[in-house]
$ cat start04.pdb   # PDB, C-alpha atoms
ATOM      1  CA  ALA A   1     -15.457 -38.198  -6.733
ATOM      2  CA  ALA A   2     -14.633 -37.441 -10.377
ATOM      3  CA  SER A   3     -14.948 -33.717  -9.738
ATOM      4  CA  ASP A   4     -12.531 -33.962  -6.794
ATOM      5  CA  VAL A   5      -9.960 -35.664  -9.010
ATOM      6  CA  TYR A   6     -10.454 -32.980 -11.675
ATOM      7  CA  LYS A   7     -10.069 -30.238  -9.080
ATOM      8  CA  ARG A   8      -6.782 -31.701  -7.818
ATOM      9  CA  GLN A   9      -5.473 -31.947 -11.380
ATOM     10  CA  VAL A  10      -6.358 -28.313 -12.010
ATOM     11  CA  LEU A  11      -4.618 -27.152  -8.837
ATOM     12  CA  VAL A  12      -1.473 -29.138  -9.650
ATOM     13  CA  ARG A  13      -1.304 -27.756 -13.202
ATOM     14  CA  ALA A  14      -2.500 -24.219 -12.478
ATOM     15  CA  GLY A  15       0.962 -22.674 -12.836
ATOM     16  CA  VAL A  16       1.593 -24.315 -16.198
ATOM     17  CA  VAL A  17      -1.854 -23.311 -17.502
ATOM     18  CA  CYS A  18      -1.337 -19.704 -16.316
ATOM     19  CA  ALA A  19       1.985 -19.535 -18.130
ATOM     20  CA  ALA A  20       0.496 -20.969 -21.322
ATOM     21  CA  LEU A  21      -2.426 -18.551 -21.292
ATOM     22  CA  ARG A  22      -0.401 -15.627 -19.910
ATOM     23  CA  ALA A  23      -3.095 -15.338 -17.279
ATOM     24  CA  PHE A  24      -2.934 -14.119 -13.691
ATOM     25  CA  SER A  25      -4.742 -17.136 -12.236
ATOM     26  CA  VAL A  26      -6.586 -20.309 -13.179
ATOM     27  CA  THR A  27      -8.903 -21.845 -10.608
ATOM     28  CA  TYR A  28     -11.458 -24.599 -10.422
ATOM     29  CA  ASP A  29     -14.954 -23.145 -10.121
ATOM     30  CA  GLU A  30     -17.112 -25.715  -8.380
ATOM     31  CA  ARG A  31     -20.091 -23.346  -8.311
ATOM     32  CA  GLN A  32     -20.409 -23.209 -12.098
ATOM     33  CA  SER A  33     -20.933 -25.958 -14.657
ATOM     34  CA  ILE A  34     -21.948 -26.331 -18.289
ATOM     35  CA  SER A  35     -24.016 -29.391 -19.150
ATOM     36  CA  GLY A  36     -22.791 -31.007 -15.971
ATOM     37  CA  ARG A  37     -19.111 -30.473 -16.819
ATOM     38  CA  PRO A  38     -16.819 -28.711 -14.330
ATOM     39  CA  CYS A  39     -15.488 -25.285 -15.291
ATOM     40  CA  LEU A  40     -12.293 -23.321 -14.939
ATOM     41  CA  ARG A  41     -12.205 -19.658 -14.021
ATOM     42  CA  VAL A  42      -9.436 -17.787 -15.847
ATOM     43  CA  GLN A  43      -8.443 -14.338 -14.591
ATOM     44  CA  MET A  44      -6.216 -12.570 -17.099
ATOM     45  CA  THR A  45      -5.009  -9.749 -14.835
ATOM     46  CA  ASP A  46      -4.859  -9.018 -11.125
ATOM     47  CA  ALA A  47      -7.520  -6.386 -10.572
ATOM     48  CA  LEU A  48      -5.947  -5.333  -7.282
ATOM     49  CA  THR A  49      -2.467  -4.582  -8.611
ATOM     50  CA  ASP A  50      -3.049  -3.593 -12.242
ATOM     51  CA  VAL A  51      -5.736  -1.005 -11.555
ATOM     52  CA  HIS A  52      -3.451   1.959 -12.134
ATOM     53  CA  GLN A  53      -2.485   0.921 -15.642
ATOM     54  CA  ALA A  54      -5.518   2.672 -17.093
ATOM     55  CA  THR A  55      -8.085   5.160 -15.884
ATOM     56  CA  ARG A  56     -11.570   3.765 -15.307
ATOM     57  CA  ALA A  57     -14.573   5.955 -15.940
ATOM     58  CA  GLY A  58     -17.144   5.944 -13.189
ATOM     59  CA  VAL A  59     -19.557   7.909 -11.099
ATOM     60  CA  ALA A  60     -18.601   9.005  -7.613
ATOM     61  CA  LEU A  61     -19.940   6.826  -4.853
ATOM     62  CA  GLY A  62     -22.467   8.823  -2.921
ATOM     63  CA  ARG A  63     -24.655   8.294   0.112
ATOM     64  CA  VAL A  64     -26.706   5.092   0.093
ATOM     65  CA  PRO A  65     -30.191   5.297   1.700
ATOM     66  CA  VAL A  66     -30.622   2.763   4.507
ATOM     67  CA  GLY A  67     -33.775   3.931   6.246
ATOM     68  CA  VAL A  68     -35.951   6.682   7.676
ATOM     69  CA  ALA A  69     -35.375   8.476  10.990
ATOM     70  CA  ASP A  70     -38.010   9.176  13.643
ATOM     71  CA  ASP A  71     -38.484  12.678  12.235
ATOM     72  CA  ALA A  72     -39.114  11.187   8.747
ATOM     73  CA  HIS A  73     -35.879  12.366   7.139
ATOM     74  CA  GLN A  74     -33.951   9.886   5.040
ATOM     75  CA  VAL A  75     -30.952   8.184   6.674
ATOM     76  CA  ALA A  76     -28.047   7.518   4.330
ATOM     77  CA  VAL A  77     -24.536   6.122   4.664
ATOM     78  CA  SER A  78     -21.609   7.471   2.663
ATOM     79  CA  MET A  79     -19.954   4.658   0.699
ATOM     80  CA  ASP A  80     -17.008   6.477  -0.887
ATOM     81  CA  CYS A  81     -13.886   5.208   0.910
ATOM     82  CA  ALA A  82     -16.149   4.266   3.801
ATOM     83  CA  THR A  83     -15.739   2.076   6.859
ATOM     84  CA  VAL A  84     -19.046   0.692   8.137
ATOM     85  CA  LEU A  85     -19.669  -1.675  11.055
ATOM     86  CA  VAL A  86     -23.065  -3.384  11.184
ATOM     87  CA  GLY A  87     -24.226  -5.476  14.135
ATOM     88  CA  GLY A  88     -27.470  -7.211  14.942
ATOM     89  CA  SER A  89     -29.018 -10.492  16.013
ATOM     90  CA  PRO A  90     -30.425 -12.888  13.386
ATOM     91  CA  GLY A  91     -33.649 -11.486  11.965
ATOM     92  CA  SER A  92     -32.913  -7.946  13.125
ATOM     93  CA  GLY A  93     -32.471  -6.445   9.645
ATOM     94  CA  LYS A  94     -28.656  -6.497   9.617
ATOM     95  CA  SER A  95     -28.367  -8.426   6.357
ATOM     96  CA  ILE A  96     -30.742  -6.097   4.500
ATOM     97  CA  ALA A  97     -28.666  -3.117   5.619
ATOM     98  CA  VAL A  98     -25.442  -4.745   4.402
ATOM     99  CA  TRP A  99     -27.004  -5.666   1.060
ATOM    100  CA  SER A 100     -28.283  -2.111   0.623
ATOM    101  CA  LEU A 101     -24.788  -0.740   1.185
ATOM    102  CA  LEU A 102     -23.215  -3.233  -1.187
ATOM    103  CA  LEU A 103     -25.724  -2.672  -3.975
ATOM    104  CA  GLY A 104     -25.166   1.047  -3.640
ATOM    105  CA  ALA A 105     -21.399   0.629  -3.833
ATOM    106  CA  LEU A 106     -21.554  -1.736  -6.804
ATOM    107  CA  ARG A 107     -23.373   0.834  -8.922
ATOM    108  CA  ASP A 108     -19.935   2.352  -9.505
ATOM    109  CA  PRO A 109     -18.123   0.401 -12.259
ATOM    110  CA  ARG A 110     -14.792   1.249 -10.648
ATOM    111  CA  THR A 111     -15.644  -0.923  -7.649
ATOM    112  CA  ALA A 112     -13.681  -4.147  -7.154
ATOM    113  CA  LEU A 113     -15.521  -6.307  -4.629
ATOM    114  CA  VAL A 114     -13.708  -8.575  -2.160
ATOM    115  CA  VAL A 115     -15.915 -10.983  -0.180
ATOM    116  CA  LEU A 116     -14.724 -12.612   3.043
ATOM    117  CA  ASP A 117     -17.382 -15.163   3.957
ATOM    118  CA  LEU A 118     -16.109 -18.060   6.041
ATOM    119  CA  LYS A 119     -19.421 -19.833   6.344
ATOM    120  CA  PRO A 120     -19.474 -23.221   4.537
ATOM    121  CA  ALA A 121     -19.193 -22.663   0.749
ATOM    122  CA  ALA A 122     -19.570 -18.906   1.422
ATOM    123  CA  ILE A 123     -23.289 -19.566   1.113
ATOM    124  CA  GLU A 124     -24.531 -16.301   2.598
ATOM    125  CA  SER A 125     -22.837 -14.220  -0.082
ATOM    126  CA  ALA A 126     -23.403 -16.571  -3.031
ATOM    127  CA  ALA A 127     -25.337 -13.983  -5.057
ATOM    128  CA  LEU A 128     -22.273 -11.707  -5.048
ATOM    129  CA  HIS A 129     -19.680 -14.205  -6.208
ATOM    130  CA  ALA A 130     -20.032 -13.577  -9.932
ATOM    131  CA  ARG A 131     -19.479  -9.835  -9.344
ATOM    132  CA  ALA A 132     -16.564 -10.238  -6.918
ATOM    133  CA  GLU A 133     -12.887 -10.075  -7.792
ATOM    134  CA  ILE A 134     -12.097 -12.317  -4.805
ATOM    135  CA  VAL A 135     -14.252 -14.672  -2.729
ATOM    136  CA  ALA A 136     -12.478 -16.030   0.352
ATOM    137  CA  ASP A 137     -14.307 -18.833   2.162
ATOM    138  CA  THR A 138     -11.493 -20.020   4.453
ATOM    139  CA  SER A 139      -9.299 -18.168   6.920
ATOM    140  CA  THR A 140      -6.231 -18.947   4.807
ATOM    141  CA  ALA A 141      -7.892 -17.497   1.708
ATOM    142  CA  ALA A 142      -9.026 -14.455   3.700
ATOM    143  CA  LEU A 143      -5.472 -13.792   4.872
ATOM    144  CA  ALA A 144      -4.147 -14.115   1.321
ATOM    145  CA  ALA A 145      -6.820 -11.729   0.014
ATOM    146  CA  LEU A 146      -6.043  -9.120   2.649
ATOM    147  CA  GLN A 147      -2.320  -9.425   1.969
ATOM    148  CA  ARG A 148      -3.043  -8.621  -1.676
ATOM    149  CA  ILE A 149      -5.109  -5.616  -0.631
ATOM    150  CA  TRP A 150      -2.310  -4.415   1.634
ATOM    151  CA  ALA A 151       0.069  -4.636  -1.336
ATOM    152  CA  TYR A 152      -2.478  -2.643  -3.344
ATOM    153  CA  ILE A 153      -2.602   0.049  -0.635
ATOM    154  CA  GLU A 154       1.195   0.321  -0.656
ATOM    155  CA  GLN A 155       1.205   0.594  -4.467
ATOM    156  CA  THR A 156      -1.565   3.189  -4.440
ATOM    157  CA  ASN A 157       0.223   5.256  -1.827
ATOM    158  CA  ARG A 158       3.324   5.325  -4.030
ATOM    159  CA  VAL A 159       1.170   6.556  -6.909
ATOM    160  CA  LEU A 160      -0.415   9.214  -4.701
ATOM    161  CA  LEU A 161       2.999  10.351  -3.482
ATOM    162  CA  ALA A 162       4.309  10.614  -7.034
ATOM    163  CA  ARG A 163       1.288  12.722  -8.031
ATOM    164  CA  GLY A 164       1.411  14.923  -4.949
ATOM    165  CA  LEU A 165      -1.985  13.710  -3.700
ATOM    166  CA  ALA A 166      -3.086  12.975  -0.134
ATOM    167  CA  LYS A 167      -5.908  10.633  -1.146
ATOM    168  CA  VAL A 168      -7.503   9.078  -4.208
ATOM    169  CA  THR A 169      -9.421  11.252  -6.630
ATOM    170  CA  GLN A 170     -12.265  10.572  -9.040
ATOM    171  CA  GLU A 171     -10.258   8.641 -11.633
ATOM    172  CA  PHE A 172      -8.992   6.035  -9.175
ATOM    173  CA  PRO A 173     -10.800   2.699  -8.768
ATOM    174  CA  ARG A 174     -12.393   1.656  -5.502
ATOM    175  CA  ILE A 175     -12.142  -1.558  -3.512
ATOM    176  CA  VAL A 176     -14.986  -2.647  -1.234
ATOM    177  CA  ILE A 177     -14.262  -5.409   1.278
ATOM    178  CA  VAL A 178     -17.282  -7.042   2.861
ATOM    179  CA  VAL A 179     -16.793  -9.309   5.888
ATOM    180  CA  ASP A 180     -19.991 -11.302   6.276
ATOM    181  CA  GLU A 181     -19.391 -12.565   9.836
ATOM    182  CA  ALA A 182     -16.437 -11.108  11.693
ATOM    183  CA  ALA A 183     -16.566 -13.793  14.406
ATOM    184  CA  GLU A 184     -15.541 -16.473  11.902
ATOM    185  CA  LEU A 185     -12.015 -14.994  11.785
ATOM    186  CA  ALA A 186     -11.361 -15.855  15.425
ATOM    187  CA  PHE A 187     -11.009 -19.633  15.222
ATOM    188  CA  ASP A 188      -7.460 -20.285  13.970
ATOM    189  CA  ASP A 189      -4.080 -18.615  13.502
ATOM    190  CA  ASP A 190      -4.673 -17.561   9.885
ATOM    191  CA  GLY A 191      -8.012 -16.039  10.851
ATOM    192  CA  LYS A 192      -6.468 -14.099  13.716
ATOM    193  CA  SER A 193      -3.690 -12.854  11.425
ATOM    194  CA  ALA A 194      -6.338 -11.842   8.887
ATOM    195  CA  ALA A 195      -8.248  -9.955  11.585
ATOM    196  CA  LEU A 196      -5.130  -8.009  12.602
ATOM    197  CA  LEU A 197      -4.361  -7.123   8.985
ATOM    198  CA  LEU A 198      -7.975  -6.111   8.440
ATOM    199  CA  GLN A 199      -7.664  -3.700  11.363
ATOM    200  CA  ARG A 200      -4.652  -2.074   9.670
ATOM    201  CA  ILE A 201      -6.607  -1.810   6.424
ATOM    202  CA  VAL A 202      -9.564  -0.180   8.176
ATOM    203  CA  ALA A 203      -7.145   2.281   9.790
ATOM    204  CA  VAL A 204      -5.314   3.443   6.661
ATOM    205  CA  GLY A 205      -7.176   2.155   3.608
ATOM    206  CA  ARG A 206      -9.595   5.033   3.047
ATOM    207  CA  ALA A 207      -6.974   7.313   1.501
ATOM    208  CA  SER A 208      -6.261   4.552  -1.031
ATOM    209  CA  GLY A 209      -9.917   4.089  -1.961
ATOM    210  CA  VAL A 210     -10.526   0.971   0.146
ATOM    211  CA  SER A 211     -13.893   0.652   1.883
ATOM    212  CA  VAL A 212     -14.702  -1.971   4.511
ATOM    213  CA  ILE A 213     -18.150  -3.224   5.483
ATOM    214  CA  MET A 214     -17.991  -5.567   8.470
ATOM    215  CA  ALA A 215     -21.065  -7.356   9.783
ATOM    216  CA  THR A 216     -21.544  -9.513  12.845
ATOM    217  CA  GLN A 217     -24.437 -11.173  14.626
ATOM    218  CA  LYS A 218     -22.184 -11.935  17.597
ATOM    219  CA  PRO A 219     -20.930  -8.548  18.813
ATOM    220  CA  SER A 220     -18.316  -9.036  21.526
ATOM    221  CA  GLY A 221     -15.065  -7.449  22.577
ATOM    222  CA  SER A 222     -13.126 -10.541  21.492
ATOM    223  CA  VAL A 223     -14.479 -10.199  17.934
ATOM    224  CA  ILE A 224     -14.527  -6.410  17.669
ATOM    225  CA  PRO A 225     -12.147  -4.865  20.208
ATOM    226  CA  THR A 226     -12.571  -1.204  21.069
ATOM    227  CA  ASP A 227      -9.524  -0.199  19.011
ATOM    228  CA  LEU A 228     -11.102  -1.728  15.916
ATOM    229  CA  ARG A 229     -14.614  -0.444  16.582
ATOM    230  CA  ASP A 230     -13.397   3.127  16.950
ATOM    231  CA  LEU A 231     -11.772   2.984  13.494
ATOM    232  CA  PHE A 232     -15.144   2.553  11.796
ATOM    233  CA  GLY A 233     -16.445   5.942  10.716
ATOM    234  CA  GLN A 234     -20.061   4.733  10.540
ATOM    235  CA  ARG A 235     -21.711   2.174  12.796
ATOM    236  CA  LEU A 236     -25.198   0.642  12.670
ATOM    237  CA  CYS A 237     -26.712  -1.489  15.421
ATOM    238  CA  PHE A 238     -29.980  -3.360  15.073
ATOM    239  CA  ARG A 239     -31.610  -5.513  17.762
ATOM    240  CA  VAL A 240     -29.008  -7.199  19.982
ATOM    241  CA  GLY A 241     -29.169  -9.216  23.184
ATOM    242  CA  ASN A 242     -27.825  -6.789  25.761
ATOM    243  CA  ARG A 243     -26.111  -3.468  26.480
ATOM    244  CA  ALA A 244     -22.597  -4.920  26.147
ATOM    245  CA  GLN A 245     -23.315  -6.084  22.599
ATOM    246  CA  ALA A 246     -24.737  -2.683  21.689
ATOM    247  CA  GLU A 247     -21.682  -0.889  23.076
ATOM    248  CA  THR A 248     -19.426  -3.257  21.140
ATOM    249  CA  VAL A 249     -20.950  -1.871  17.939
ATOM    250  CA  LEU A 250     -21.845   1.722  18.804
ATOM    251  CA  GLY A 251     -19.493   2.658  21.624
ATOM    252  CA  PRO A 252     -20.742   4.676  24.627
ATOM    253  CA  LEU A 253     -24.517   4.959  24.378
ATOM    254  CA  ALA A 254     -26.502   8.165  24.573
ATOM    255  CA  PRO A 255     -29.682   8.215  26.716
ATOM    256  CA  GLY A 256     -32.513   6.388  24.963
ATOM    257  CA  VAL A 257     -30.227   4.328  22.701
ATOM    258  CA  GLU A 258     -31.251   0.823  23.753
ATOM    259  CA  PRO A 259     -30.978  -1.685  20.865
ATOM    260  CA  TRP A 260     -31.587  -4.622  23.222
ATOM    261  CA  LEU A 261     -35.143  -3.366  23.753
ATOM    262  CA  ILE A 262     -36.058  -3.383  20.058
ATOM    263  CA  SER A 263     -38.909  -5.818  19.482
ATOM    264  CA  PRO A 264     -38.276  -8.893  17.296
ATOM    265  CA  GLU A 265     -41.513  -7.869  15.580
ATOM    266  CA  THR A 266     -39.860  -4.737  14.148
ATOM    267  CA  PRO A 267     -36.903  -5.911  12.017
ATOM    268  CA  GLY A 268     -35.005  -3.048  10.433
ATOM    269  CA  VAL A 269     -35.240  -0.755  13.443
ATOM    270  CA  GLY A 270     -31.844   0.293  14.717
ATOM    271  CA  PHE A 271     -29.481   3.016  15.880
ATOM    272  CA  GLY A 272     -26.484   4.627  14.238
ATOM    273  CA  ALA A 273     -23.282   6.378  15.266
ATOM    274  CA  GLY A 274     -20.539   8.217  13.444
TER
END

$ encode --input "start04.pdb" --output "structure tokens"
Amino acid sequence: AASDVYKRQVLVRAGVVCAALRAFSVTYDERQSISGRPCLRVQMTDALTDVHQATRAGVALGRVPVGVADDAHQVAVSMDCATVLVGGSPGSGKSIAVWSLLLGALRDPRTALVVLDLKPAAIESAALHARAEIVADTSTAALAALQRIWAYIEQTNRVLLARGLAKVTQEFPRIVIVVDEAAELAFDDDGKSAALLLQRIVAVGRASGVSVIMATQKPSGSVIPTDLRDLFGQRLCFRVGNRAQAETVLGPLAPGVEPWLISPETPGVGFGAG
């Protein structure tokens, strides 16, 4: 009860504290504590709108290994300005694939991570929170985060235009958005607005250095419509329940591509497209 009172006081006074500290934001961090005392998280600048003030050194994001093909060659996914859709039933290996992609992307110090995880307390992505610039665990927070990213894309495009560039180059930072469960955006108006804005970001964000990794264990046309699916340059499908779910992730299936026949005893086996 005391922590709830403290949290409300922080939220009421956040604007005054920001002004006093000349900070971008002050929030109550209920996931961290020191000797049992609640903590504040102070962010001095907005990483998504101040990124062009200085050049960040970094290594180019390359291809991240995610497995081995039937002919024993290594399968890798490009993570530089990438759009990746990952689908699979619980226990199919989907989460390991997503984590592999994220860990590969986060090797680049230019990467600003944005986590959209609407499960209670964003529990599934908890290990990433300390590394993330933004963690959104409600549909309202997700919409606000994506609106900030859209503003970043508009700003970046102005910079590119002024420099005569068609897309970001090595010195630009990168943003990686990970959506832990796409279906969670479908339950209220803010979530639906966030999903529509996310589709726009997937469509145009690559030139601005924005990557999107979207994962779902409930592939359906209502969660991932065809127009959205086809915007993802790389798609991975692990074991799912039926053909319709597989096509939701991969699109039209080639002969022999049958993710619904993958045995539960072989997690990590899947098919790719793109």

$ residues_around --input "start04.pdb" --residues "Asn242 in chain A" --least-positions-apart "5" --cutoff "12 Å" --atoms "only C-alpha atoms" --output "list in words"
Gly88, Ser89, Lys218, Pro219, Ser220, Cys237, Glu247, Thr248, Val249, Val257, Glu258, Pro259, Trp260, Leu261 and Ile262 of chain A

$ resolve_selection --input "start04.pdb" --expression "the PyMOL selection byres ((chain A and resi 227) around 12)" --output "list in words"
Leu196, Gln199, Arg200, Val202, Ala203, Gly221, Ser222, Val223, Ile224, Pro225, Thr226, Leu228, Arg229, Asp230, Leu231, Phe232, Thr248, Val249 and Gly251 of chain A

$ closest_residue --input "start04.pdb" --among "A:Val159, A:Val168, A:Ala144, A:Ala151" --to "Ala194 in chain A" --atoms "all atoms listed in the file"
A:Ala144

$ residues_around --input "start04.pdb" --residues "Gly15 in chain A" --least-positions-apart "3" --cutoff "8 Å" --atoms "all atoms listed in the file" --output "PyMOL selection string"
chain A and resi 12+18-19+25-26

$ closest_residue --input "start04.pdb" --among "A:Pro120, A:Gly93, A:Pro173, A:Gly67" --to "Phe238 in chain A" --atoms "all atoms listed in the file"
A:Gly93

$ residues_around --input "start04.pdb" --residues "Ala76 in chain A" --least-positions-apart "6" --cutoff "9 Å" --atoms "all atoms listed in the file" --output "ChimeraX atom specification"
/A:63-68

$ write_last_selection --input "start04.pdb" --atoms "C-alpha atoms" --output "short mmCIF file (atom, residue, chain, number, x, y, z; two decimals), in the coordinates of the input"
data_model
loop_
_atom_site.label_atom_id
_atom_site.label_comp_id
_atom_site.auth_asym_id
_atom_site.auth_seq_id
_atom_site.Cartn_x
_atom_site.Cartn_y
_atom_site.Cartn_z
CA ARG A 63 -24.66 8.29 0.11
CA VAL A 64 -26.71 5.09 0.09
CA PRO A 65 -30.19 5.30 1.70
CA VAL A 66 -30.62 2.76 4.51
CA GLY A 67 -33.78 3.93 6.25
CA VAL A 68 -35.95 6.68 7.68
#

$ build_atoms --input "start04.pdb" --residues "range 192-201 of chain A" --atoms "all heavy atoms" --output "JSON list (two decimals), in the frame of the given file"
[["chain", "number", "residue", "atom", "x", "y", "z"],
["A", 192, "LYS", "N", -6.89, -15.17, 12.81],
["A", 192, "LYS", "CA", -6.47, -14.10, 13.72],
["A", 192, "LYS", "C", -5.50, -13.15, 13.02],
["A", 192, "LYS", "O", -5.55, -11.92, 13.22],
["A", 192, "LYS", "CB", -5.85, -14.70, 14.97],
["A", 192, "LYS", "CG", -6.87, -15.46, 15.83],
["A", 192, "LYS", "CD", -6.21, -16.20, 16.98],
["A", 192, "LYS", "CE", -7.25, -17.00, 17.77],
["A", 192, "LYS", "NZ", -6.62, -17.81, 18.84],
["A", 193, "SER", "N", -4.60, -13.71, 12.19],
["A", 193, "SER", "CA", -3.69, -12.85, 11.42],
["A", 193, "SER", "C", -4.46, -12.01, 10.43],
["A", 193, "SER", "O", -4.15, -10.82, 10.23],
["A", 193, "SER", "CB", -2.66, -13.72, 10.69],
["A", 193, "SER", "OG", -1.83, -14.41, 11.60],
["A", 194, "ALA", "N", -5.50, -12.59, 9.82],
["A", 194, "ALA", "CA", -6.34, -11.84, 8.89],
["A", 194, "ALA", "C", -7.06, -10.72, 9.61],
["A", 194, "ALA", "O", -7.17, -9.60, 9.09],
["A", 194, "ALA", "CB", -7.35, -12.78, 8.21],
["A", 195, "ALA", "N", -7.54, -10.98, 10.83],
["A", 195, "ALA", "CA", -8.25, -9.96, 11.58],
["A", 195, "ALA", "C", -7.33, -8.79, 11.93],
["A", 195, "ALA", "O", -7.74, -7.62, 11.86],
["A", 195, "ALA", "CB", -8.84, -10.56, 12.85],
["A", 196, "LEU", "N", -6.09, -9.07, 12.29],
["A", 196, "LEU", "CA", -5.13, -8.01, 12.60],
["A", 196, "LEU", "C", -4.82, -7.18, 11.36],
["A", 196, "LEU", "O", -4.74, -5.94, 11.42],
["A", 196, "LEU", "CB", -3.85, -8.60, 13.17],
["A", 196, "LEU", "CG", -3.95, -9.18, 14.59],
["A", 196, "LEU", "CD1", -2.66, -9.89, 14.97],
["A", 196, "LEU", "CD2", -4.27, -8.09, 15.59],
["A", 197, "LEU", "N", -4.64, -7.85, 10.23],
["A", 197, "LEU", "CA", -4.36, -7.12, 8.98],
["A", 197, "LEU", "C", -5.57, -6.31, 8.56],
["A", 197, "LEU", "O", -5.43, -5.17, 8.06],
["A", 197, "LEU", "CB", -3.96, -8.11, 7.89],
["A", 197, "LEU", "CG", -3.53, -7.51, 6.55],
["A", 197, "LEU", "CD1", -2.46, -6.44, 6.72],
["A", 197, "LEU", "CD2", -3.05, -8.61, 5.61],
["A", 198, "LEU", "N", -6.76, -6.86, 8.76],
["A", 198, "LEU", "CA", -7.98, -6.11, 8.44],
["A", 198, "LEU", "C", -8.05, -4.83, 9.27],
["A", 198, "LEU", "O", -8.47, -3.78, 8.76],
["A", 198, "LEU", "CB", -9.20, -6.99, 8.69],
["A", 198, "LEU", "CG", -10.55, -6.37, 8.34],
["A", 198, "LEU", "CD1", -10.65, -6.06, 6.85],
["A", 198, "LEU", "CD2", -11.69, -7.29, 8.77],
["A", 199, "GLN", "N", -7.65, -4.90, 10.52],
["A", 199, "GLN", "CA", -7.66, -3.70, 11.36],
["A", 199, "GLN", "C", -6.73, -2.63, 10.79],
["A", 199, "GLN", "O", -7.07, -1.44, 10.77],
["A", 199, "GLN", "CB", -7.26, -4.05, 12.79],
["A", 199, "GLN", "CG", -7.28, -2.85, 13.73],
["A", 199, "GLN", "CD", -7.22, -3.25, 15.20],
["A", 199, "GLN", "OE1", -7.61, -4.35, 15.56],
["A", 199, "GLN", "NE2", -6.72, -2.36, 16.04],
["A", 200, "ARG", "N", -5.58, -3.03, 10.30],
["A", 200, "ARG", "CA", -4.65, -2.07, 9.67],
["A", 200, "ARG", "C", -5.28, -1.47, 8.42],
["A", 200, "ARG", "O", -5.14, -0.27, 8.17],
["A", 200, "ARG", "CB", -3.33, -2.76, 9.32],
["A", 200, "ARG", "CG", -2.54, -3.27, 10.50],
["A", 200, "ARG", "CD", -1.26, -3.93, 10.05],
["A", 200, "ARG", "NE", -0.33, -2.96, 9.48],
["A", 200, "ARG", "CZ", 0.78, -3.31, 8.82],
["A", 200, "ARG", "NH1", 1.06, -4.60, 8.62],
["A", 200, "ARG", "NH2", 1.59, -2.40, 8.35],
["A", 201, "ILE", "N", -5.98, -2.30, 7.65],
["A", 201, "ILE", "CA", -6.61, -1.81, 6.42],
["A", 201, "ILE", "C", -7.71, -0.81, 6.74],
["A", 201, "ILE", "O", -7.85, 0.22, 6.09],
["A", 201, "ILE", "CB", -7.13, -3.00, 5.59],
["A", 201, "ILE", "CG1", -5.95, -3.79, 5.03],
["A", 201, "ILE", "CG2", -8.05, -2.53, 4.47],
["A", 201, "ILE", "CD1", -6.34, -5.12, 4.41]]
